[in-house]
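Colleague: entry-v4.cif is the file, holding mmCIF, C-alpha atoms:
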data_work
loop_
_atom_site.label_atom_id
_atom_site.label_comp_id
_atom_site.auth_asym_id
_atom_site.auth_seq_id
_atom_site.Cartn_x
_atom_site.Cartn_y
_atom_site.Cartn_z
CA MET A 8 141.67 100.38 169.10
CA PRO A 9 140.48 100.61 165.48
CA VAL A 10 136.98 102.02 164.94
CA ASN A 11 134.41 100.15 162.87
CA LEU A 12 133.35 102.44 160.03
CA LEU A 13 130.04 100.58 159.72
CA ASP A 14 129.12 102.41 162.92
CA PHE A 15 129.30 105.85 161.24
CA ASP A 16 126.60 107.69 159.33
CA SER A 17 127.75 110.41 156.92
CA GLU A 18 128.08 113.14 159.56
CA ARG A 19 130.10 110.99 161.95
CA LEU A 20 132.26 109.63 159.13
CA ALA A 21 133.05 113.16 157.93
CA GLY A 22 134.02 114.05 161.50
CA PHE A 23 136.28 111.00 161.69
CA PHE A 24 138.07 111.95 158.47
CA ALA A 25 138.53 115.51 159.73
CA GLU A 26 140.14 114.10 162.89
CA ILE A 27 142.69 112.18 160.84
CA GLY A 28 143.43 115.21 158.68
CA GLU A 29 141.49 114.23 155.56
CA LYS A 30 139.01 116.22 153.46
CA PRO A 31 135.22 115.52 153.67
CA PHE A 32 134.99 114.12 150.14
CA ARG A 33 137.11 111.17 151.28
CA ALA A 34 134.27 110.19 153.62
CA ARG A 35 131.87 110.10 150.67
CA GLN A 36 134.30 107.93 148.70
CA VAL A 37 134.67 105.45 151.54
CA THR A 38 130.90 105.40 152.12
CA ARG A 39 130.37 104.35 148.52
CA TRP A 40 133.03 101.62 148.77
CA ILE A 41 131.58 100.20 151.98
CA HIS A 42 127.86 100.36 151.26
CA GLN A 43 127.49 100.39 147.47
CA PHE A 44 130.32 98.01 146.64
CA GLY A 45 130.22 95.99 149.87
CA GLU A 46 133.98 96.40 150.28
CA ALA A 47 135.55 95.68 153.67
CA GLU A 48 139.25 95.97 152.72
CA PHE A 49 140.78 99.44 152.42
CA GLY A 50 143.52 98.08 150.18
CA ARG A 51 140.93 97.39 147.46
CA MET A 52 139.46 100.91 147.52
CA SER A 53 141.29 101.81 144.35
CA ASP A 54 140.49 105.53 144.08
CA LEU A 55 141.98 106.27 147.50
CA ALA A 56 145.63 107.34 147.72
CA LYS A 57 147.97 104.61 148.98
CA ASP A 58 148.98 106.63 152.02
CA LEU A 59 145.31 107.09 152.98
CA ARG A 60 144.67 103.37 152.62
CA ALA A 61 147.65 102.70 154.87
CA LYS A 62 146.43 105.29 157.38
CA LEU A 63 142.97 103.68 157.48
CA ASP A 64 144.49 100.24 157.94
CA GLY A 65 146.12 101.57 161.10
CA CYS A 66 143.09 103.20 162.73
CA ALA A 67 139.90 101.72 161.29
CA VAL A 68 138.18 98.55 160.15
CA VAL A 69 135.05 97.58 158.27
CA GLU A 70 133.91 94.68 160.41
CA PRO A 71 130.73 93.04 159.11
CA LEU A 72 128.59 90.46 160.86
CA SER A 73 129.14 86.75 160.30
CA ALA A 74 126.48 84.14 159.64
CA MET A 75 125.75 81.37 162.13
CA SER A 76 123.18 79.75 159.85
CA GLU A 77 121.06 80.37 156.77
CA SER A 78 117.68 78.99 155.71
CA THR A 79 115.67 79.26 152.50
CA ALA A 80 111.90 78.73 152.48
CA SER A 81 109.90 77.05 149.77
CA ASP A 82 108.60 80.47 148.65
CA GLY A 83 112.13 81.90 148.26
CA THR A 84 112.22 83.75 151.58
CA ARG A 85 115.72 83.67 153.06
CA LYS A 86 116.64 83.97 156.74
CA TRP A 87 120.07 84.53 158.23
CA LEU A 88 121.06 84.03 161.87
CA LEU A 89 123.88 86.55 162.30
CA SER A 90 126.33 86.48 165.19
CA VAL A 91 126.56 89.55 167.43
CA GLY A 92 128.96 87.99 169.92
CA THR A 93 128.85 86.30 173.33
CA GLY A 94 126.65 83.52 172.02
CA ASN A 95 123.93 85.87 170.73
CA GLY A 96 122.43 85.78 167.27
CA ILE A 97 119.89 88.02 165.50
CA GLU A 98 117.63 87.06 162.63
CA THR A 99 117.32 88.96 159.36
CA VAL A 100 114.81 87.97 156.68
CA PHE A 101 114.69 88.74 152.95
CA ILE A 102 111.29 88.47 151.25
CA PRO A 103 111.37 88.45 147.44
CA GLU A 104 108.25 89.68 145.67
CA THR A 105 107.36 90.62 142.13
CA GLY A 106 108.83 94.06 141.52
CA ARG A 107 110.48 94.46 144.91
CA GLY A 108 112.57 92.81 147.60
CA THR A 109 112.02 93.53 151.29
CA LEU A 110 114.56 93.08 154.06
CA CYS A 111 113.26 92.71 157.62
CA VAL A 112 115.90 94.10 160.00
CA SER A 113 116.35 93.55 163.74
CA SER A 114 117.15 96.36 166.19
CA GLN A 115 117.77 94.50 169.48
CA VAL A 116 119.01 91.15 170.77
CA GLY A 117 115.65 89.92 172.00
CA CYS A 118 112.96 92.31 173.16
CA ALA A 119 111.90 93.69 176.54
CA LEU A 120 108.28 94.49 175.65
CA GLU A 121 106.88 90.95 175.97
CA CYS A 122 104.01 91.17 173.47
CA ALA A 123 101.99 88.05 174.21
CA PHE A 124 101.90 86.63 170.68
CA CYS A 125 105.53 87.28 169.65
CA SER A 126 108.27 84.65 169.73
CA THR A 127 111.00 87.28 170.11
CA GLY A 128 109.42 88.55 173.32
CA ARG A 129 109.56 85.05 174.79
CA GLN A 130 113.35 84.97 174.46
CA GLY A 131 114.02 87.76 176.92
CA PHE A 132 116.28 90.73 176.27
CA ASN A 133 120.06 91.01 176.12
CA ARG A 134 120.99 94.41 174.65
CA ASN A 135 120.50 97.01 171.96
CA LEU A 136 122.25 96.53 168.63
CA SER A 137 124.92 99.01 167.56
CA VAL A 138 124.64 101.04 164.35
CA ALA A 139 127.14 98.64 162.75
CA GLU A 140 125.03 95.63 163.73
CA ILE A 141 121.83 97.20 162.36
CA ILE A 142 123.19 98.49 159.05
CA GLY A 143 125.39 95.40 158.90
CA GLN A 144 122.30 93.31 158.25
CA LEU A 145 121.63 95.28 155.05
CA TRP A 146 125.33 95.12 154.14
CA TRP A 147 125.33 91.35 154.66
CA ALA A 148 122.11 90.71 152.75
CA ASN A 149 123.29 92.72 149.73
CA LYS A 150 126.50 90.67 149.62
CA ALA A 151 124.68 87.38 150.13
CA LEU A 152 122.15 88.20 147.42
CA GLY A 153 124.89 89.15 144.95
CA ARG A 154 123.89 92.76 144.51
CA SER A 155 126.02 94.64 141.99
CA PRO A 156 126.47 98.39 142.56
CA ARG A 157 125.57 99.05 138.92
CA GLY A 158 122.98 96.32 138.65
CA GLU A 159 119.31 96.19 139.51
CA ARG A 160 118.52 96.88 143.16
CA VAL A 161 117.80 93.57 144.93
CA ILE A 162 116.63 95.08 148.21
CA SER A 163 114.20 97.90 147.42
CA ASN A 164 112.47 98.12 150.81
CA VAL A 165 113.64 97.86 154.42
CA VAL A 166 111.26 97.24 157.31
CA MET A 167 112.41 97.68 160.89
CA MET A 168 110.17 94.82 161.98
CA GLY A 169 112.67 92.18 163.07
CA MET A 170 113.72 91.34 166.60
CA GLY A 171 113.24 94.14 169.12
CA GLU A 172 111.39 97.45 169.49
CA PRO A 173 113.20 99.94 167.21
CA LEU A 174 112.18 103.02 169.19
CA ALA A 175 113.68 101.53 172.35
CA ASN A 176 117.07 101.78 170.57
CA PHE A 177 116.33 105.19 169.11
CA ASP A 178 119.74 106.76 168.44
CA ASN A 179 121.32 103.70 166.84
CA VAL A 180 118.25 102.92 164.73
CA VAL A 181 118.01 106.50 163.45
CA SER A 182 121.73 106.58 162.57
CA ALA A 183 121.38 103.28 160.70
CA MET A 184 118.33 104.57 158.81
CA ARG A 185 120.28 107.71 157.84
CA ILE A 186 122.79 105.40 156.14
CA MET A 187 119.95 103.54 154.40
CA LEU A 188 118.69 106.87 153.01
CA ASP A 189 122.12 108.27 152.09
CA ASP A 190 122.56 108.52 148.31
CA ASN A 191 126.24 107.61 148.74
CA ALA A 192 125.23 104.44 150.58
CA TYR A 193 121.94 102.62 149.83
CA GLY A 194 119.87 105.52 148.49
CA LEU A 195 116.50 104.29 149.70
CA SER A 196 113.60 106.74 149.88
CA ARG A 197 111.80 107.48 153.14
CA ARG A 198 108.69 105.86 151.70
CA ARG A 199 110.60 102.60 151.33
CA VAL A 200 111.98 102.45 154.86
CA THR A 201 109.30 101.48 157.38
CA LEU A 202 109.66 101.49 161.14
CA SER A 203 107.26 99.38 163.18
CA THR A 204 106.60 100.29 166.80
CA SER A 205 104.46 98.94 169.59
CA GLY A 206 103.66 102.53 170.53
CA ILE A 207 106.35 104.34 172.54
CA VAL A 208 104.67 107.72 172.20
CA PRO A 209 107.51 110.13 173.15
CA ALA A 210 109.87 108.34 170.76
CA MET A 211 107.27 108.52 167.96
CA ASP A 212 107.21 112.31 168.38
CA ARG A 213 111.00 112.42 168.41
CA LEU A 214 111.16 110.33 165.22
CA ALA A 215 108.71 112.70 163.55
CA ALA A 216 111.01 115.60 164.40
CA GLU A 217 114.32 113.96 163.45
CA LEU A 218 113.79 111.43 160.66
CA PRO A 219 110.19 110.69 159.65
CA VAL A 220 110.02 107.46 157.66
CA ALA A 221 107.00 105.30 156.87
CA LEU A 222 105.36 104.24 160.13
CA ALA A 223 103.63 101.02 161.13
CA VAL A 224 102.02 100.62 164.56
CA SER A 225 101.41 97.24 166.18
CA LEU A 226 97.80 97.71 167.26
CA HIS A 227 96.26 94.24 167.73
CA ALA A 228 93.29 95.30 169.88
CA PRO A 229 90.42 97.83 169.78
CA ASP A 230 90.35 98.68 173.50
CA ASP A 231 92.75 99.24 176.38
CA PRO A 232 91.94 96.16 178.52
CA LEU A 233 92.65 93.74 175.65
CA ARG A 234 95.68 95.69 174.39
CA ASP A 235 97.07 95.84 177.95
CA ARG A 236 97.11 92.05 177.83
CA LEU A 237 98.49 91.62 174.32
CA VAL A 238 100.85 94.62 174.11
CA PRO A 239 101.92 95.53 177.68
CA ILE A 240 103.46 98.90 176.68
CA ASN A 241 99.83 100.01 176.31
CA ARG A 242 99.63 100.28 180.10
CA LYS A 243 102.08 103.19 179.87
CA TYR A 244 100.87 104.71 176.59
CA PRO A 245 97.16 103.83 176.20
CA LEU A 246 95.20 104.00 172.98
CA LYS A 247 94.02 107.59 173.33
CA GLU A 248 97.63 108.79 173.58
CA LEU A 249 98.73 106.46 170.78
CA MET A 250 96.07 107.68 168.34
CA ALA A 251 96.96 111.31 169.09
CA ALA A 252 100.64 110.54 168.40
CA CYS A 253 99.69 108.92 165.07
CA LYS A 254 97.81 112.07 164.04
CA ARG A 255 100.85 114.19 164.87
CA TYR A 256 103.17 111.86 162.97
CA ILE A 257 101.11 111.88 159.77
CA LYS A 258 101.64 115.64 159.43
CA VAL A 259 105.33 115.09 158.61
CA ALA A 260 105.38 111.46 157.37
CA PRO A 261 106.51 110.57 153.83
CA ARG A 262 103.23 108.68 153.42
CA ASP A 263 99.89 110.27 154.24
CA PHE A 264 98.79 107.34 156.40
CA VAL A 265 99.90 105.09 159.23
CA THR A 266 99.72 101.33 158.83
CA PHE A 267 98.06 99.54 161.72
CA GLU A 268 99.29 95.97 162.06
CA TYR A 269 96.77 93.61 163.56
CA VAL A 270 97.66 89.98 164.32
CA MET A 271 94.55 87.79 164.03
CA LEU A 272 94.25 85.57 167.12
CA ASP A 273 91.43 83.05 167.11
CA GLY A 274 88.77 83.87 169.69
CA VAL A 275 90.87 86.67 171.20
CA ASN A 276 90.71 89.79 169.01
CA ASP A 277 89.14 88.62 165.75
CA SER A 278 85.37 88.94 166.11
CA VAL A 279 83.17 91.16 163.97
CA GLU A 280 82.46 93.18 167.12
CA HIS A 281 86.19 93.78 167.59
CA ALA A 282 86.32 95.09 164.02
CA ARG A 283 83.38 97.40 164.67
CA GLN A 284 85.13 98.79 167.76
CA LEU A 285 88.18 99.72 165.68
CA ILE A 286 86.17 102.12 163.49
CA PRO A 287 85.57 104.85 166.10
CA LEU A 288 89.03 104.26 167.59
CA VAL A 289 90.83 105.34 164.42
CA LYS A 290 88.42 108.11 163.46
CA GLY A 291 90.46 111.07 162.25
CA VAL A 292 93.61 108.99 161.74
CA ARG A 293 94.48 108.45 158.08
CA CYS A 294 95.40 104.80 158.10
CA LYS A 295 95.35 101.40 156.51
CA PHE A 296 95.00 98.07 158.29
CA ASN A 297 97.27 95.12 157.65
CA LEU A 298 95.66 91.97 159.04
CA ILE A 299 98.31 89.37 159.89
CA PRO A 300 97.32 85.72 160.30
CA PHE A 301 99.01 84.56 163.49
CA ASN A 302 102.16 82.52 162.90
CA ALA A 303 102.44 79.77 165.46
CA PHE A 304 105.49 79.01 167.60
CA PRO A 305 105.91 76.46 170.42
CA ASP A 306 103.86 77.08 173.58
CA SER A 307 102.43 80.35 172.26
CA GLY A 308 98.98 79.69 173.72
CA PHE A 309 97.29 81.19 170.64
CA GLN A 310 95.77 79.87 167.42
CA ARG A 311 95.47 81.49 164.00
CA SER A 312 92.06 82.87 163.11
CA SER A 313 90.25 80.98 160.38
CA PRO A 314 90.20 82.45 156.86
CA GLU A 315 86.45 82.97 157.28
CA ARG A 316 86.86 85.02 160.47
CA ILE A 317 89.63 87.08 158.88
CA ALA A 318 87.48 87.73 155.81
CA ALA A 319 84.48 88.79 157.93
CA PHE A 320 86.71 91.08 160.03
CA ARG A 321 88.19 92.64 156.90
CA GLU A 322 84.76 93.19 155.36
CA VAL A 323 83.59 95.24 158.36
CA LEU A 324 86.60 97.55 158.06
CA MET A 325 86.30 97.83 154.29
CA GLN A 326 82.61 98.69 154.53
CA ALA A 327 83.56 101.52 156.88
CA GLY A 328 85.89 102.91 154.19
CA LEU A 329 89.13 101.73 155.83
CA MET A 330 91.76 100.37 153.46
CA THR A 331 92.45 96.83 154.66
CA THR A 332 94.78 94.12 153.42
CA THR A 333 95.54 90.63 154.65
CA ARG A 334 99.24 89.88 154.77
CA LYS A 335 100.34 86.83 152.85
CA THR A 336 102.31 84.56 155.17
CA ARG A 337 105.89 84.20 153.92
CA GLY A 338 108.71 82.06 155.24
CA ASP A 339 106.73 80.27 157.94
CA ASP A 340 108.33 76.92 157.07
CA ILE A 341 111.69 78.34 158.25
CA ASP A 342 110.17 80.32 161.18
CA GLY A 343 110.83 83.51 159.25
CA ALA A 344 107.30 84.87 159.26
CA CYS A 345 105.96 87.80 161.26
CA GLY A 346 106.16 87.13 165.00
CA GLN A 347 108.32 84.02 164.62
CA LEU A 348 111.81 85.53 164.84
CA ALA A 349 113.55 84.25 167.95
CA GLY A 350 117.25 84.40 167.18
CA GLN A 351 119.65 83.22 169.85
CA VAL A 352 119.38 85.33 173.00
CA GLN A 353 121.39 85.00 176.18
CA ASP A 354 118.65 86.56 178.29
CA ARG A 355 119.89 89.15 180.80
CA THR A 356 116.38 89.94 182.05
CA ARG A 357 115.84 86.35 183.25
CA ARG A 358 112.21 86.59 182.18
CA ARG A 359 112.29 83.05 180.82
CA ALA A 360 113.27 81.76 184.24
CA ARG A 361 110.49 83.76 185.90
CA ARG A 362 107.89 82.42 183.48
CA THR A 363 109.03 78.85 184.15
CA LEU A 364 108.70 79.35 187.92
CA GLU A 365 105.30 81.03 187.55
CA ALA A 366 104.01 78.22 185.32
CA SER A 367 105.08 75.54 187.82
CA ALA A 368 103.69 77.35 190.88
#
Show me this structure written as structure tokens.
Modeller:
Amino acid sequence: MPVNLLDFDSERLAGFFAEIGEKPFRARQVTRWIHQFGEAEFGRMSDLAKDLRAKLDGCAVVEPLSAMSESTASDGTRKWLLSVGTGNGIETVFIPETGRGTLCVSSQVGCALECAFCSTGRQGFNRNLSVAEIIGQLWWANKALGRSPRGERVISNVVMMGMGEPLANFDNVVSAMRIMLDDNAYGLSRRRVTLSTSGIVPAMDRLAAELPVALAVSLHAPDDPLRDRLVPINRKYPLKELMAACKRYIKVAPRDFVTFEYVMLDGVNDSVEHARQLIPLVKGVRCKFNLIPFNAFPDSGFQRSSPERIAAFREVLMQAGLMTTTRKTRGDDIDGACGQLAGQVQDRTRRRARRTLEASA
């Protein structure tokens, strides 16, 4: 069965070429064709010998994802629903901004962590994405956005903040990020690739050792009881352990701070007192806060904090010397904003069925 070369980072691709009796530089050539030129047909890789192209046609493919649907928001944000087979679809979002373009990439079909305010978590969980399916989102977006290999970079930043918990799919996510950083592929810097995690502490330490990129942590609460409710993984890795892991990570991170993401939920975690409680929690952790106005989805059970409450919360943190920004909501009219990605998930965990039974009991 032919192998999909989108599944291979540079080390694995070099190993594959060695297996078929080819020199390592051929792997670099093919990497450039696939990822810089967006080429999926070996016959059009013009600087490869004809016999090599024929050999590759017999044992390999470049099999990209296909689009199930596409939406464009009024602010220019674009969202693609990409098929990953068996009725499942993942969502990938491109956010254009002045001076940069950010692609939000998914790592799983659904999510098993069930954060209370996240639409993805409500869909249940089907499976991890392969390397090809993760890097394929960047491949697809570059093609869809008309990126030229010699033209201006359209996607300058990648955030692993789409569907799923990236650190729960560690090996495939790290391999995909290696391709993002590879100068023969996308050539992004570690500062421009950000991984967001809900706080799987052992995997954070492993990431620090293997491929430290910019880190964002979904915090959302100043104490364990509230975070246990909003971010259930906290019951396994409570705040004391999470803060210690953040301190360890900063020592090797490409940025000298961790970003704490904090979704603002009206009457739940958004009081001035909540803000005051965050100050001692993050003492000794070089960080910045990114306050995220909650983006509604059906039956969420939460409301967005008012601009006044968000401003008061931000002021408390700023007065304490903590860098704090409020994220501008982008793409909410196409359900492409933070927390709204739902995709199309054939749930294997059956959590949706359980919730329905619990609600009717």
Colleague: Quick one: pull the distance between atom CA of Cys122 of chain A and atom CA of Arg234 of chain A, Å, one decimal.
Modeller: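 Separation of atom CA of Cys122 of chain A and atom CA of Arg234 of chain A: 9.5 Å.
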Colleague: Report as a VMD selection string all protein, DNA and RNA residues lying within 8 Å of Cys111 of chain A, evaluated on all atoms listed in the file, omitting residues in the same chain fewer than 2 positions from it.
Modeller: chain A and resid 99 to 102 109 113 165 to 169
Colleague: Can you list what the PyMOL selection byres ((chain A and resi 68-75) around 9) grabs from this structure, as a PDB file with C-alpha atoms, in the frame of the given file?
Modeller:
ATOM      1  CA  PRO A   9     140.480 100.610 165.480  1.00  0.00           C
ATOM      2  CA  VAL A  10     136.980 102.020 164.940  1.00  0.00           C
ATOM      3  CA  ASN A  11     134.410 100.150 162.870  1.00  0.00           C
ATOM      4  CA  LEU A  12     133.350 102.440 160.030  1.00  0.00           C
ATOM      5  CA  LEU A  13     130.040 100.580 159.720  1.00  0.00           C
ATOM      6  CA  ASP A  14     129.120 102.410 162.920  1.00  0.00           C
ATOM      7  CA  ILE A  41     131.580 100.200 151.980  1.00  0.00           C
ATOM      8  CA  GLU A  46     133.980  96.400 150.280  1.00  0.00           C
ATOM      9  CA  ALA A  47     135.550  95.680 153.670  1.00  0.00           C
ATOM     10  CA  GLU A  48     139.250  95.970 152.720  1.00  0.00           C
ATOM     11  CA  PHE A  49     140.780  99.440 152.420  1.00  0.00           C
ATOM     12  CA  LEU A  63     142.970 103.680 157.480  1.00  0.00           C
ATOM     13  CA  ASP A  64     144.490 100.240 157.940  1.00  0.00           C
ATOM     14  CA  GLY A  65     146.120 101.570 161.100  1.00  0.00           C
ATOM     15  CA  CYS A  66     143.090 103.200 162.730  1.00  0.00           C
ATOM     16  CA  ALA A  67     139.900 101.720 161.290  1.00  0.00           C
ATOM     17  CA  SER A  76     123.180  79.750 159.850  1.00  0.00           C
ATOM     18  CA  GLU A  77     121.060  80.370 156.770  1.00  0.00           C
ATOM     19  CA  TRP A  87     120.070  84.530 158.230  1.00  0.00           C
ATOM     20  CA  LEU A  88     121.060  84.030 161.870  1.00  0.00           C
ATOM     21  CA  LEU A  89     123.880  86.550 162.300  1.00  0.00           C
ATOM     22  CA  SER A  90     126.330  86.480 165.190  1.00  0.00           C
ATOM     23  CA  VAL A  91     126.560  89.550 167.430  1.00  0.00           C
ATOM     24  CA  GLY A  96     122.430  85.780 167.270  1.00  0.00           C
ATOM     25  CA  ALA A 139     127.140  98.640 162.750  1.00  0.00           C
ATOM     26  CA  GLU A 140     125.030  95.630 163.730  1.00  0.00           C
ATOM     27  CA  GLY A 143     125.390  95.400 158.900  1.00  0.00           C
ATOM     28  CA  GLN A 144     122.300  93.310 158.250  1.00  0.00           C
ATOM     29  CA  TRP A 146     125.330  95.120 154.140  1.00  0.00           C
ATOM     30  CA  TRP A 147     125.330  91.350 154.660  1.00  0.00           C
TER      31      TRP A 147
END
Colleague: With all atoms listed in the file as the counted atoms, please give the residues lying no more than 10 Å from Val200 of chain A, apart from itself and same-chain residues fewer than 6 positions off, as an MDAnalysis selection string.
Modeller: chainID A and resid 109:110 163:167 184 187:188 219:222 261
Colleague: With all atoms listed in the file as the basis for distance, which of A:Gly50, A:Asp263, A:Val138, A:Cys118 is at the shortest distance from Ile186 of chain A?
Modeller: A:Val138
Colleague: So which one's closest to Arg134 of chain A, A:Gln115, A:Ser17, A:Thr93, A:Thr204? Using all atoms listed in the file, please.
Modeller: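 Going through A:Gln115, A:Ser17, A:Thr93, A:Thr204 one by one, the smallest distance to Arg134 of chain A is for A:Gln115.
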Colleague: Taking into account all atoms listed in the file, which residue in the set A:Arg60, A:Asn176, A:Val279, A:Val289 is nearest to Val116 of chain A?
Modeller: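 Ranked by minimum distance to Val116 of chain A, first place goes to A:Asn176.
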Colleague: Excluding same-chain residues fewer than 2 positions from Glu217 of chain A, what lies within 12 Å of it counting all atoms listed in the file, as a PDB file with C-alpha atoms, in the frame of the given file?
Modeller:
ATOM      1  CA  PHE A 177     116.330 105.190 169.110  1.00  0.00           C
ATOM      2  CA  ASP A 178     119.740 106.760 168.440  1.00  0.00           C
ATOM      3  CA  VAL A 180     118.250 102.920 164.730  1.00  0.00           C
ATOM      4  CA  VAL A 181     118.010 106.500 163.450  1.00  0.00           C
ATOM      5  CA  SER A 182     121.730 106.580 162.570  1.00  0.00           C
ATOM      6  CA  MET A 184     118.330 104.570 158.810  1.00  0.00           C
ATOM      7  CA  ARG A 185     120.280 107.710 157.840  1.00  0.00           C
ATOM      8  CA  ALA A 210     109.870 108.340 170.760  1.00  0.00           C
ATOM      9  CA  MET A 211     107.270 108.520 167.960  1.00  0.00           C
ATOM     10  CA  ASP A 212     107.210 112.310 168.380  1.00  0.00           C
ATOM     11  CA  ARG A 213     111.000 112.420 168.410  1.00  0.00           C
ATOM     12  CA  LEU A 214     111.160 110.330 165.220  1.00  0.00           C
ATOM     13  CA  ALA A 215     108.710 112.700 163.550  1.00  0.00           C
ATOM     14  CA  PRO A 219     110.190 110.690 159.650  1.00  0.00           C
ATOM     15  CA  VAL A 220     110.020 107.460 157.660  1.00  0.00           C
ATOM     16  CA  TYR A 256     103.170 111.860 162.970  1.00  0.00           C
ATOM     17  CA  VAL A 259     105.330 115.090 158.610  1.00  0.00           C
ATOM     18  CA  ALA A 260     105.380 111.460 157.370  1.00  0.00           C
TER      19      ALA A 260
END
Colleague: Using the incomplete input, complete segment 301-313 of chain A to the level of N, CA, C and O atoms; output as a PDB file, in the coordinates of the input.
Modeller:
ATOM      1  N   PHE A 301      98.028  84.927 162.469  1.00  0.00           N
ATOM      2  CA  PHE A 301      99.010  84.560 163.490  1.00  0.00           C
ATOM      3  C   PHE A 301      99.887  83.417 163.023  1.00  0.00           C
ATOM      4  O   PHE A 301      99.406  82.425 162.466  1.00  0.00           O
ATOM      5  N   ASN A 302     101.199  83.560 163.251  1.00  0.00           N
ATOM      6  CA  ASN A 302     102.160  82.520 162.900  1.00  0.00           C
ATOM      7  C   ASN A 302     102.597  81.801 164.161  1.00  0.00           C
ATOM      8  O   ASN A 302     103.186  82.396 165.060  1.00  0.00           O
ATOM      9  N   ALA A 303     102.268  80.529 164.227  1.00  0.00           N
ATOM     10  CA  ALA A 303     102.440  79.770 165.460  1.00  0.00           C
ATOM     11  C   ALA A 303     103.918  79.565 165.799  1.00  0.00           C
ATOM     12  O   ALA A 303     104.777  79.525 164.927  1.00  0.00           O
ATOM     13  N   PHE A 304     104.185  79.436 167.101  1.00  0.00           N
ATOM     14  CA  PHE A 304     105.490  79.010 167.600  1.00  0.00           C
ATOM     15  C   PHE A 304     105.226  78.192 168.860  1.00  0.00           C
ATOM     16  O   PHE A 304     104.131  78.255 169.445  1.00  0.00           O
ATOM     17  N   PRO A 305     106.167  77.372 169.299  1.00  0.00           N
ATOM     18  CA  PRO A 305     105.910  76.460 170.420  1.00  0.00           C
ATOM     19  C   PRO A 305     105.430  77.173 171.684  1.00  0.00           C
ATOM     20  O   PRO A 305     105.972  78.205 172.083  1.00  0.00           O
ATOM     21  N   ASP A 306     104.385  76.608 172.294  1.00  0.00           N
ATOM     22  CA  ASP A 306     103.860  77.080 173.580  1.00  0.00           C
ATOM     23  C   ASP A 306     103.373  78.529 173.517  1.00  0.00           C
ATOM     24  O   ASP A 306     103.406  79.247 174.529  1.00  0.00           O
ATOM     25  N   SER A 307     102.899  78.975 172.372  1.00  0.00           N
ATOM     26  CA  SER A 307     102.430  80.350 172.260  1.00  0.00           C
ATOM     27  C   SER A 307     101.122  80.573 173.018  1.00  0.00           C
ATOM     28  O   SER A 307     100.871  81.678 173.520  1.00  0.00           O
ATOM     29  N   GLY A 308     100.277  79.533 173.057  1.00  0.00           N
ATOM     30  CA  GLY A 308      98.980  79.690 173.720  1.00  0.00           C
ATOM     31  C   GLY A 308      97.921  80.312 172.830  1.00  0.00           C
ATOM     32  O   GLY A 308      96.795  80.548 173.281  1.00  0.00           O
ATOM     33  N   PHE A 309      98.246  80.583 171.564  1.00  0.00           N
ATOM     34  CA  PHE A 309      97.290  81.190 170.640  1.00  0.00           C
ATOM     35  C   PHE A 309      97.147  80.321 169.389  1.00  0.00           C
ATOM     36  O   PHE A 309      98.036  79.532 169.058  1.00  0.00           O
ATOM     37  N   GLN A 310      96.027  80.528 168.693  1.00  0.00           N
ATOM     38  CA  GLN A 310      95.770  79.870 167.420  1.00  0.00           C
ATOM     39  C   GLN A 310      95.485  80.926 166.361  1.00  0.00           C
ATOM     40  O   GLN A 310      94.983  82.015 166.665  1.00  0.00           O
ATOM     41  N   ARG A 311      95.770  80.594 165.110  1.00  0.00           N
ATOM     42  CA  ARG A 311      95.470  81.490 164.000  1.00  0.00           C
ATOM     43  C   ARG A 311      93.975  81.544 163.728  1.00  0.00           C
ATOM     44  O   ARG A 311      93.295  80.522 163.742  1.00  0.00           O
ATOM     45  N   SER A 312      93.463  82.729 163.494  1.00  0.00           N
ATOM     46  CA  SER A 312      92.060  82.870 163.110  1.00  0.00           C
ATOM     47  C   SER A 312      91.805  82.162 161.786  1.00  0.00           C
ATOM     48  O   SER A 312      92.681  82.083 160.922  1.00  0.00           O
ATOM     49  N   SER A 313      90.603  81.657 161.623  1.00  0.00           N
ATOM     50  CA  SER A 313      90.250  80.980 160.380  1.00  0.00           C
ATOM     51  C   SER A 313      90.160  81.989 159.244  1.00  0.00           C
ATOM     52  O   SER A 313      89.904  83.185 159.478  1.00  0.00           O
TER      53      SER A 313
END
